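**Q** Enclosed is the structure file coords-v5.txt (compact mmCIF, C-alpha atoms and all ligand atoms).
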```txt
# COMPACT_ATOMS: atom_id res chain seq x y z
CA MET A 17 142.98 144.53 54.89
CA LYS A 18 140.69 141.54 54.44
CA LYS A 19 139.08 140.34 57.65
CA TYR A 20 137.27 137.10 58.37
CA ILE A 21 134.58 135.99 60.76
CA LEU A 22 135.12 132.57 62.29
CA GLY A 23 131.76 130.77 62.12
CA ILE A 24 131.01 127.84 64.43
CA GLU A 25 128.03 125.52 63.88
CA THR A 26 127.20 122.68 66.28
CA SER A 27 123.41 122.82 66.55
CA CYS A 28 122.80 119.22 65.52
CA ASP A 29 125.21 116.54 64.34
CA ASP A 30 127.74 118.36 62.12
CA THR A 31 130.74 120.07 63.68
CA SER A 32 131.50 122.80 61.16
CA VAL A 33 133.80 125.82 61.35
CA ALA A 34 134.64 128.31 58.60
CA LEU A 35 136.34 131.61 57.81
CA VAL A 36 134.29 133.97 55.64
CA ASP A 37 134.97 137.56 54.55
CA SER A 38 132.32 140.29 54.39
CA ASN A 39 131.69 139.61 50.67
CA GLY A 40 130.79 135.98 51.29
CA PHE A 41 134.10 134.55 50.14
CA VAL A 42 134.79 131.32 52.03
CA LYS A 43 138.49 131.30 52.88
CA GLY A 44 138.30 127.86 54.49
CA ILE A 45 135.84 125.38 55.97
CA GLN A 46 136.19 122.22 58.07
CA THR A 47 133.19 119.99 58.61
CA THR A 48 133.26 116.76 60.59
CA SER A 49 130.07 114.79 60.05
CA GLN A 50 128.71 112.17 62.39
CA ASP A 51 127.28 110.08 59.56
CA VAL A 52 128.93 106.88 60.80
CA LEU A 53 127.36 107.31 64.24
CA ASN A 54 123.97 108.35 62.82
CA ASP A 55 123.94 105.46 60.42
CA LYS A 56 124.67 102.99 63.21
CA TYR A 57 121.73 104.26 65.29
CA GLY A 58 119.37 105.26 62.44
CA GLY A 59 119.36 108.96 63.31
CA VAL A 60 120.86 111.63 65.55
CA TYR A 61 121.12 110.75 69.25
CA PRO A 62 121.62 113.99 71.22
CA GLU A 63 123.95 112.52 73.85
CA PHE A 64 126.25 110.93 71.27
CA ALA A 65 126.11 114.05 69.10
CA SER A 66 127.31 116.38 71.86
CA ARG A 67 130.12 114.00 72.86
CA ALA A 68 131.31 113.85 69.26
CA HIS A 69 131.32 117.68 69.07
CA VAL A 70 133.64 117.75 72.12
CA VAL A 71 136.08 115.46 70.34
CA ASN A 72 135.86 117.15 66.93
CA ILE A 73 135.69 120.88 67.49
CA ILE A 74 139.21 121.90 68.53
CA PRO A 75 140.99 119.80 65.87
CA ALA A 76 138.61 121.30 63.27
CA ILE A 77 139.43 124.89 64.31
CA ASP A 78 143.16 124.10 64.47
CA LYS A 79 143.16 122.68 60.96
CA LEU A 80 141.02 125.53 59.61
CA ILE A 81 143.42 128.18 60.88
CA LEU A 82 146.56 126.29 59.88
CA ASP A 83 145.32 125.58 56.34
CA ALA A 84 144.11 129.16 55.83
CA LYS A 85 147.48 130.49 57.03
CA ILE A 86 145.87 133.46 58.74
CA ASN A 87 147.03 135.52 61.66
CA VAL A 88 144.35 135.12 64.30
CA GLU A 89 145.05 138.42 65.99
CA LYS A 90 145.02 140.54 62.83
CA ASP A 91 142.75 138.67 60.44
CA ILE A 92 139.76 137.64 62.55
CA GLU A 93 137.10 140.31 63.03
CA ALA A 94 134.77 138.32 65.30
CA ILE A 95 133.49 134.86 66.18
CA ALA A 96 129.93 133.91 65.20
CA VAL A 97 128.36 130.87 66.80
CA THR A 98 124.96 129.20 66.56
CA ARG A 99 123.09 129.88 69.81
CA GLY A 100 119.93 127.99 68.78
CA PRO A 101 117.58 126.48 67.84
CA GLY A 102 119.01 123.00 68.12
CA LEU A 103 120.03 120.23 70.49
CA ILE A 104 120.98 121.92 73.75
CA GLY A 105 123.95 119.64 74.49
CA SER A 106 125.37 120.25 71.02
CA LEU A 107 124.79 124.01 71.15
CA ILE A 108 126.60 124.25 74.51
CA ILE A 109 129.80 122.81 73.00
CA GLY A 110 129.89 125.35 70.15
CA VAL A 111 128.97 128.32 72.34
CA HIS A 112 131.49 127.49 75.07
CA THR A 113 134.23 127.00 72.51
CA ALA A 114 133.38 130.37 70.93
CA LYS A 115 133.33 132.14 74.30
CA THR A 116 136.64 130.59 75.36
CA LEU A 117 138.31 131.62 72.09
CA GLY A 118 136.70 135.06 72.35
CA LEU A 119 138.33 135.55 75.75
CA ALA A 120 141.67 134.11 74.71
CA TRP A 121 141.87 136.13 71.47
CA SER A 122 139.96 139.25 72.67
CA LYS A 123 137.33 138.94 69.94
CA LYS A 124 133.62 139.75 69.92
CA VAL A 125 131.38 136.68 70.11
CA ILE A 126 128.09 136.94 68.20
CA GLY A 127 125.31 134.45 68.95
CA ILE A 128 123.45 133.51 65.76
CA ASN A 129 119.93 132.18 65.22
CA HIS A 130 120.59 129.01 63.15
CA LEU A 131 117.58 129.81 60.93
CA ARG A 132 119.06 133.20 60.03
CA GLY A 133 122.27 131.30 59.35
CA HIS A 134 120.45 129.26 56.70
CA LEU A 135 119.12 132.51 55.19
CA ALA A 136 122.66 133.89 55.04
CA SER A 137 123.81 130.75 53.18
CA ALA A 138 122.12 132.20 50.09
CA ALA A 139 124.58 135.13 50.21
CA LEU A 140 127.70 132.92 50.26
CA GLY A 141 129.96 133.26 47.25
CA GLY A 142 129.10 136.93 46.77
CA ASN A 143 125.43 136.63 45.84
CA GLN A 144 123.53 139.88 46.51
CA ILE A 145 120.08 139.17 47.91
CA VAL A 146 117.33 141.56 46.90
CA TYR A 147 114.39 142.38 49.15
CA PRO A 148 111.51 142.07 49.79
CA ALA A 149 111.90 138.31 49.51
CA ILE A 150 109.84 135.20 49.99
CA ILE A 151 111.83 132.62 51.93
CA LEU A 152 111.28 128.88 51.72
CA LEU A 153 113.32 127.14 54.41
CA VAL A 154 113.23 123.36 54.26
CA SER A 155 115.55 121.44 56.58
CA GLY A 156 115.71 118.50 58.95
CA GLY A 157 114.35 120.62 61.80
CA HIS A 158 112.13 123.20 60.07
CA THR A 159 109.78 123.84 57.16
CA PHE A 160 108.28 127.24 56.57
CA ILE A 161 107.49 130.05 54.18
CA ALA A 162 108.22 133.58 55.32
CA TYR A 163 108.49 137.15 54.04
CA MET A 164 111.53 139.31 54.69
CA ASP A 165 111.78 143.06 54.16
CA GLU A 166 114.79 145.34 53.49
CA ASN A 167 115.44 145.78 57.23
CA GLY A 168 115.68 142.08 57.97
CA GLU A 169 112.24 141.93 59.60
CA ILE A 170 110.75 138.49 59.03
CA ASP A 171 107.08 137.62 58.90
CA LEU A 172 106.17 133.95 59.14
CA LEU A 173 103.52 133.10 56.52
CA GLY A 174 103.12 129.38 57.08
CA GLU A 175 104.88 126.37 58.58
CA THR A 176 104.50 122.64 58.98
CA ARG A 177 101.86 121.33 61.33
CA ASP A 178 103.81 118.15 62.01
CA ASP A 179 107.00 116.70 60.46
CA SER A 180 109.61 118.86 58.75
CA LEU A 181 110.30 118.11 55.11
CA GLY A 182 113.78 116.74 55.89
CA GLU A 183 112.24 114.40 58.45
CA ALA A 184 109.81 113.12 55.81
CA TYR A 185 112.72 112.38 53.44
CA ASP A 186 114.69 110.66 56.19
CA LYS A 187 111.77 108.56 57.44
CA VAL A 188 110.81 107.43 53.94
CA GLY A 189 114.50 106.65 53.42
CA ARG A 190 114.54 104.45 56.50
CA MET A 191 111.52 102.52 55.13
CA LEU A 192 113.56 101.89 51.99
CA ASP A 193 116.69 100.90 53.94
CA LEU A 194 118.61 103.94 52.75
CA LYS A 195 121.44 105.40 54.80
CA PHE A 196 120.74 108.41 57.03
CA PRO A 197 120.37 111.24 55.99
CA ALA A 198 118.34 109.88 53.09
CA GLY A 199 117.57 113.13 51.22
CA PRO A 200 120.42 112.98 48.70
CA LYS A 201 119.87 109.25 48.03
CA ILE A 202 116.12 109.67 47.49
CA ASP A 203 116.83 112.46 45.03
CA GLN A 204 119.25 110.27 43.06
CA LEU A 205 116.87 107.29 42.98
CA ALA A 206 114.00 109.59 41.95
CA LEU A 207 115.93 110.59 38.83
CA LEU A 208 115.97 106.91 37.76
CA GLY A 209 112.25 106.24 38.30
CA LYS A 210 108.82 107.29 37.05
CA PRO A 211 106.31 109.15 39.23
CA ASN A 212 103.63 106.51 38.60
CA ILE A 213 102.61 105.70 42.19
CA LYS A 214 99.66 107.65 43.55
CA LEU A 215 100.40 109.47 46.80
CA PRO A 216 98.35 112.12 48.65
CA LEU A 217 99.08 115.85 48.38
CA PRO A 218 98.43 116.94 51.98
CA LEU A 219 97.08 120.49 52.53
CA ILE A 220 97.83 121.37 48.90
CA ASN A 221 94.83 123.68 48.67
CA GLU A 222 94.90 124.98 52.22
CA GLY A 223 96.86 128.18 52.48
CA LEU A 224 100.52 128.27 53.34
CA GLU A 225 100.71 125.53 55.94
CA PHE A 226 102.34 122.17 55.34
CA SER A 227 101.82 118.64 56.65
CA PHE A 228 104.08 115.72 55.82
CA SER A 229 103.25 113.13 58.44
CA GLY A 230 100.28 111.69 56.48
CA LEU A 231 102.37 111.44 53.32
CA LYS A 232 105.02 109.49 55.21
CA SER A 233 102.34 107.12 56.61
CA SER A 234 100.90 106.60 53.11
CA VAL A 235 104.33 105.50 51.88
CA ALA A 236 104.62 103.12 54.86
CA ARG A 237 101.18 101.59 54.12
CA LEU A 238 102.04 101.19 50.44
CA ILE A 239 105.22 99.29 51.26
CA GLU A 240 103.42 97.14 53.84
CA LYS A 241 100.50 96.25 51.56
CA SER A 242 102.48 95.51 48.42
CA ASP A 243 102.75 91.76 47.66
CA THR A 244 105.83 92.22 45.51
CA PRO A 245 108.89 94.30 46.48
CA ILE A 246 108.12 97.90 45.65
CA ASN A 247 110.14 99.59 42.91
CA LYS A 248 112.34 101.97 44.93
CA GLU A 249 113.12 104.28 42.02
CA ASP A 250 109.43 104.76 41.13
CA LEU A 251 108.49 105.27 44.76
CA CYS A 252 111.20 107.92 45.20
CA ALA A 253 110.19 109.60 41.93
CA SER A 254 106.55 109.69 43.08
CA PHE A 255 107.47 110.97 46.54
CA VAL A 256 109.69 113.76 45.14
CA ASP A 257 107.05 114.62 42.54
CA VAL A 258 104.46 115.15 45.27
CA ILE A 259 106.88 117.26 47.34
CA VAL A 260 107.73 119.45 44.35
CA LYS A 261 104.01 119.94 43.55
CA ILE A 262 103.22 120.94 47.14
CA LEU A 263 106.13 123.38 47.43
CA GLU A 264 105.36 124.88 44.02
CA LYS A 265 101.71 125.50 44.90
CA LYS A 266 102.63 127.17 48.22
CA LEU A 267 105.31 129.35 46.65
CA LEU A 268 102.93 130.54 43.93
CA LEU A 269 100.33 131.40 46.57
CA ALA A 270 102.88 133.29 48.69
CA LEU A 271 104.01 135.27 45.63
CA LYS A 272 100.39 136.04 44.76
CA ASN A 273 99.76 137.30 48.31
CA LYS A 274 102.92 139.42 48.26
CA PRO A 275 103.07 140.85 44.72
CA GLU A 276 105.82 143.33 45.67
CA THR A 277 108.28 140.43 46.18
CA LYS A 278 111.56 140.86 44.30
CA SER A 279 113.23 137.54 45.04
CA LEU A 280 112.84 133.98 46.26
CA ILE A 281 115.30 132.58 48.78
CA LEU A 282 115.43 128.78 48.96
CA VAL A 283 117.51 127.48 51.87
CA GLY A 284 117.94 124.57 54.34
CA GLY A 285 119.35 121.08 53.84
CA VAL A 286 116.50 120.00 51.55
CA ALA A 287 117.34 122.96 49.30
CA ALA A 288 120.17 120.72 48.08
CA SER A 289 117.52 118.79 46.13
CA LYS A 290 118.05 119.22 42.40
CA GLN A 291 114.35 118.75 41.69
CA ILE A 292 113.28 121.41 44.19
CA ARG A 293 115.94 123.81 42.90
CA ALA A 294 114.72 123.28 39.32
CA MET A 295 111.12 124.02 40.35
CA ALA A 296 112.23 127.24 42.11
CA GLU A 297 114.16 128.25 39.01
CA ASN A 298 111.10 127.75 36.81
CA ILE A 299 108.91 129.82 39.11
CA THR A 300 111.36 132.71 39.38
CA ASN A 301 111.96 132.74 35.61
CA ALA A 302 108.23 132.82 34.94
CA LYS A 303 107.63 135.55 37.53
CA LYS A 304 110.74 137.49 36.52
CA ILE A 305 112.10 137.70 40.06
CA GLU A 306 115.53 136.79 41.45
CA LEU A 307 116.36 133.37 42.87
CA SER A 308 118.87 133.13 45.72
CA LEU A 309 120.21 129.69 46.51
CA PRO A 310 123.19 128.47 48.50
CA PRO A 311 125.65 126.33 46.54
CA ILE A 312 124.51 122.70 47.07
CA LYS A 313 127.47 121.94 49.34
CA TRP A 314 126.44 124.77 51.72
CA ALA A 315 122.70 124.06 51.81
CA THR A 316 123.12 121.65 54.73
CA ASP A 317 124.37 122.86 58.12
CA ASN A 318 127.78 124.49 57.96
CA GLY A 319 130.00 127.06 59.66
CA ALA A 320 130.23 129.32 56.59
CA MET A 321 126.55 130.30 56.75
CA ILE A 322 126.95 131.15 60.45
CA ALA A 323 129.98 133.34 59.70
CA MET A 324 128.03 135.04 56.88
CA ALA A 325 125.13 135.72 59.24
CA GLY A 326 127.74 137.15 61.63
CA TRP A 327 128.59 139.88 59.09
CA ASP A 328 124.88 140.70 58.75
CA TYR A 329 124.48 140.92 62.56
CA LEU A 330 127.59 143.12 62.82
CA SER A 331 126.28 145.51 60.16
CA LYS A 332 122.96 145.77 62.00
CA GLY A 333 124.58 146.09 65.44
CA LYS A 334 122.89 142.90 66.63
CA ILE A 335 125.51 141.59 69.00
CA GLN A 336 123.57 138.93 70.87
CA ASP A 337 124.21 137.33 74.15
CA SER A 338 125.39 133.92 72.97
CA LYS A 339 123.60 131.87 75.62
CA PRO A 340 122.59 128.53 74.08
CA ILE A 341 118.80 128.15 73.66
CA ALA A 342 117.09 125.05 72.26
CA ARG A 343 114.15 127.02 70.82
CA ILE A 344 114.34 130.37 69.07
CA SER A 345 111.72 131.65 66.67
CA LEU A 346 112.53 132.75 63.17
CA GLU A 347 111.75 136.41 63.87
CA GLU A 348 114.46 136.65 66.54
CA TYR A 349 118.14 137.32 65.97
O1 LIG A 401 119.71 122.01 57.18
P1 LIG A 401 120.10 120.64 57.57
O2 LIG A 401 121.52 120.21 57.28
O3 LIG A 401 119.88 120.39 59.08
C1 LIG A 401 118.89 121.02 59.86
O4 LIG A 401 119.08 122.21 60.21
O5 LIG A 401 117.88 120.35 60.10
O6 LIG A 401 119.08 119.64 56.86
C2 LIG A 401 119.24 118.26 56.89
C3 LIG A 401 118.17 117.61 56.04
C4 LIG A 401 118.12 116.09 56.18
O7 LIG A 401 116.80 115.72 56.49
C5 LIG A 401 118.55 115.58 54.81
O8 LIG A 401 117.93 114.36 54.44
C6 LIG A 401 118.09 116.72 53.91
O9 LIG A 401 118.41 117.88 54.65
N1 LIG A 401 118.79 116.74 52.62
C7 LIG A 401 118.19 116.59 51.41
C8 LIG A 401 119.20 116.62 50.43
N2 LIG A 401 120.41 116.80 51.08
C9 LIG A 401 120.12 116.86 52.41
N3 LIG A 401 116.90 116.43 51.09
C10 LIG A 401 116.58 116.30 49.79
N4 LIG A 401 117.48 116.31 48.80
C11 LIG A 401 118.80 116.46 49.07
N5 LIG A 401 119.69 116.46 48.06
ZN ZN A 402 120.05 123.59 59.66
```
Could you spell out this file's structure in structure tokens?
**A**
Amino acid sequence: MKKYILGIETSCDDTSVALVDSNGFVKGIQTTSQDVLNDKYGGVYPEFASRAHVVNIIPAIDKLILDAKINVEKDIEAIAVTRGPGLIGSLIIGVHTAKTLGLAWSKKVIGINHLRGHLASAALGGNQIVYPAIILLVSGGHTFIAYMDENGEIDLLGETRDDSLGEAYDKVGRMLDLKFPAGPKIDQLALLGKPNIKLPLPLINEGLEFSFSGLKSSVARLIEKSDTPINKEDLCASFVDVIVKILEKKLLLALKNKPETKSLILVGGVAASKQIRAMAENITNAKKIELSLPPIKWATDNGAMIAMAGWDYLSKGKIQDSKPIARISLEEY
């Protein structure tokens, strides 16, 4: 009989719960965003975020289970919940909900590293990931390139020295009066403009590390100095062009350093970017390796990726203590 893992994600601002089977089929998902709150305050405020999770989480789980018409006792294998990294107040709400349901329903509760949740998003929908793989994770909280072997061991190859890539998108978006989170809007505007504004390419020739804070400041200076209103479409096109060039260069270097690589995994909220996805597709076609991507709708934080990671943890016997922790490194489970 088909079994599902209930995945619970509350590490930042989205309250998301989902039911996923061991093949990556998403039986149901409920996500309550806090976009209205975030937009009002220009970003995520931890105190408001955790209060909103308290209000949203039980109705979301109720609706998920009702809509999916499942029998909790028979059909749920386990509960997987993000234990970190993330905002501690938000994590506590998800973890305590998971533990309470675990007790009430007599189900195992598996604490998940949110970053491994993003990795698992590439396996949603039945996609088989091949290893060894180069991982590019670009989100609102993280930006790094890593190497993952057949056993799930992860080796960090390079990360950002300052802002994450998602932060750079969101901060540039704020300069252009775009709604938070600005990533999707910047991508759309970029498609309408020309990349004719010169911007720096920070650390492009320096190994596998990233830096986006200087790029963000350059955009701010450009807007400040310009006598006439800046063309938003061209600025977005130039910004995205620079990002794509930087990511492409780093990916090619990582693949050169690890010639045995069989696939590229592109995950994290910024992996929803059509331009970045197209670049990754070009690279993997040219190198004749596999590309694993989450569907766009599951690139940003969601409960389905946490449930999918739950199946991976179960198969490896990694049943974690689900204590919430604000900081967990990528290598950990
Ligand atoms: O993975 P995620 O949902 O949250 C974290 O774990 O941080 O990532 C959120 C980030 C935001 O910065 C948002 O602007 C960015 O992902 N994002 C995008 C796109 N959709 C979301 N960035 C570029 N293009 C997009 N289409
Ligand atoms: Zn995330």
**Q** Under the rule that only C-alpha atoms are counted, which of A:Leu181, A:Ile344, A:Leu251, A:Ile322 is the nearest residue to Asn212 (chain A)?
**A**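 The closest residue to Asn212 (chain A) is A:Leu251.
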**Q** Return as a PyMOL selection string the residues of protein, DNA or RNA that approach ligand LIG 401 (chain A) to within 10 Å, with all atoms listed in the file taken into account.
**A** chain A and resi 27-30+59+101-102+130-131+133-134+153-159+180-189+195-204+256+283-293+312-318
**Q** Ile45 (chain A): which residues within 10 Å, counting all atoms listed in the file, same-chain residues fewer than 2 positions away excluded, as an mmCIF file with C-alpha atoms, in the frame of the given file?
**A**
```cif
data_model
loop_
_atom_site.group_PDB
_atom_site.id
_atom_site.type_symbol
_atom_site.label_atom_id
_atom_site.label_comp_id
_atom_site.auth_asym_id
_atom_site.auth_seq_id
_atom_site.Cartn_x
_atom_site.Cartn_y
_atom_site.Cartn_z
ATOM 1 C CA LEU A 22 135.120 132.570 62.290
ATOM 2 C CA GLY A 23 131.760 130.770 62.120
ATOM 3 C CA SER A 32 131.500 122.800 61.160
ATOM 4 C CA VAL A 33 133.800 125.820 61.350
ATOM 5 C CA ALA A 34 134.640 128.310 58.600
ATOM 6 C CA LEU A 35 136.340 131.610 57.810
ATOM 7 C CA VAL A 36 134.290 133.970 55.640
ATOM 8 C CA VAL A 42 134.790 131.320 52.030
ATOM 9 C CA LYS A 43 138.490 131.300 52.880
ATOM 10 C CA THR A 47 133.190 119.990 58.610
ATOM 11 C CA ALA A 76 138.610 121.300 63.270
ATOM 12 C CA ILE A 77 139.430 124.890 64.310
ATOM 13 C CA LYS A 79 143.160 122.680 60.960
ATOM 14 C CA LEU A 80 141.020 125.530 59.610
ATOM 15 C CA ILE A 81 143.420 128.180 60.880
ATOM 16 C CA ASP A 83 145.320 125.580 56.340
ATOM 17 C CA ALA A 84 144.110 129.160 55.830
ATOM 18 C CA ASN A 318 127.780 124.490 57.960
ATOM 19 C CA GLY A 319 130.000 127.060 59.660
ATOM 20 C CA ALA A 320 130.230 129.320 56.590
#
```
**Q** Check the smallest atom-to-atom distance from each of A:Thr176, A:Asn129, A:Asn221, A:Ser234 to Lys266 (chain A) using only C-alpha atoms, then report the winner.
**A** A:Asn221
**Q** Taking (118.3, 118.7, 75.0) in the file's coordinates, which residues come within 12 Å, counting only C-alpha atoms, written as JSON, numbers by chain?
**A** {"A": [27, 28, 61, 62, 63, 64, 65, 66, 100, 101, 102, 103, 104, 105, 106, 107, 108, 340, 341, 342, 343]}
**Q** Write the residues of the selection above to a file with C-alpha atoms, as an mmCIF file, in the frame of the given file.
**A**
```cif
data_model
loop_
_atom_site.group_PDB
_atom_site.id
_atom_site.type_symbol
_atom_site.label_atom_id
_atom_site.label_comp_id
_atom_site.auth_asym_id
_atom_site.auth_seq_id
_atom_site.Cartn_x
_atom_site.Cartn_y
_atom_site.Cartn_z
ATOM 1 C CA SER A 27 123.410 122.820 66.550
ATOM 2 C CA CYS A 28 122.800 119.220 65.520
ATOM 3 C CA TYR A 61 121.120 110.750 69.250
ATOM 4 C CA PRO A 62 121.620 113.990 71.220
ATOM 5 C CA GLU A 63 123.950 112.520 73.850
ATOM 6 C CA PHE A 64 126.250 110.930 71.270
ATOM 7 C CA ALA A 65 126.110 114.050 69.100
ATOM 8 C CA SER A 66 127.310 116.380 71.860
ATOM 9 C CA GLY A 100 119.930 127.990 68.780
ATOM 10 C CA PRO A 101 117.580 126.480 67.840
ATOM 11 C CA GLY A 102 119.010 123.000 68.120
ATOM 12 C CA LEU A 103 120.030 120.230 70.490
ATOM 13 C CA ILE A 104 120.980 121.920 73.750
ATOM 14 C CA GLY A 105 123.950 119.640 74.490
ATOM 15 C CA SER A 106 125.370 120.250 71.020
ATOM 16 C CA LEU A 107 124.790 124.010 71.150
ATOM 17 C CA ILE A 108 126.600 124.250 74.510
ATOM 18 C CA PRO A 340 122.590 128.530 74.080
ATOM 19 C CA ILE A 341 118.800 128.150 73.660
ATOM 20 C CA ALA A 342 117.090 125.050 72.260
ATOM 21 C CA ARG A 343 114.150 127.020 70.820
#
```
**Q** Quick one: residues within 10 Å of Lys90 (chain A), only C-alpha atoms counted, chain neighbours fewer than 4 positions away excluded, as a list in words?
**A**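 Contacts, in chain order: Met17, Lys18, Lys19, Tyr20 and Ile86 of chain A.
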**Q** Nearest to Ile281 (chain A): which of A:Pro310, A:Gly110, A:Pro216, A:Gly174 is it, counting all atoms listed in the file?
**A**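 Looking only at the distances to Ile281 (chain A), the closest residue turns out to be A:Pro310.
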**Q** Smallest atom-to-atom distance to ligand ZN 402 (chain A): which of A:Val88, A:Leu205, A:Ala136, A:Ile95, using only C-alpha atoms and all ligand atoms?
**A**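 Nearest to ligand ZN 402 (chain A): A:Ala136.
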**Q** At what distance in Å, to one decimal, does CA of Thr277 (chain A) lie from CA of Lys261 (chain A)?
**A**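 Interatomic distance, CA of Lys261 (chain A) to CA of Thr277 (chain A): 21.1 Å.
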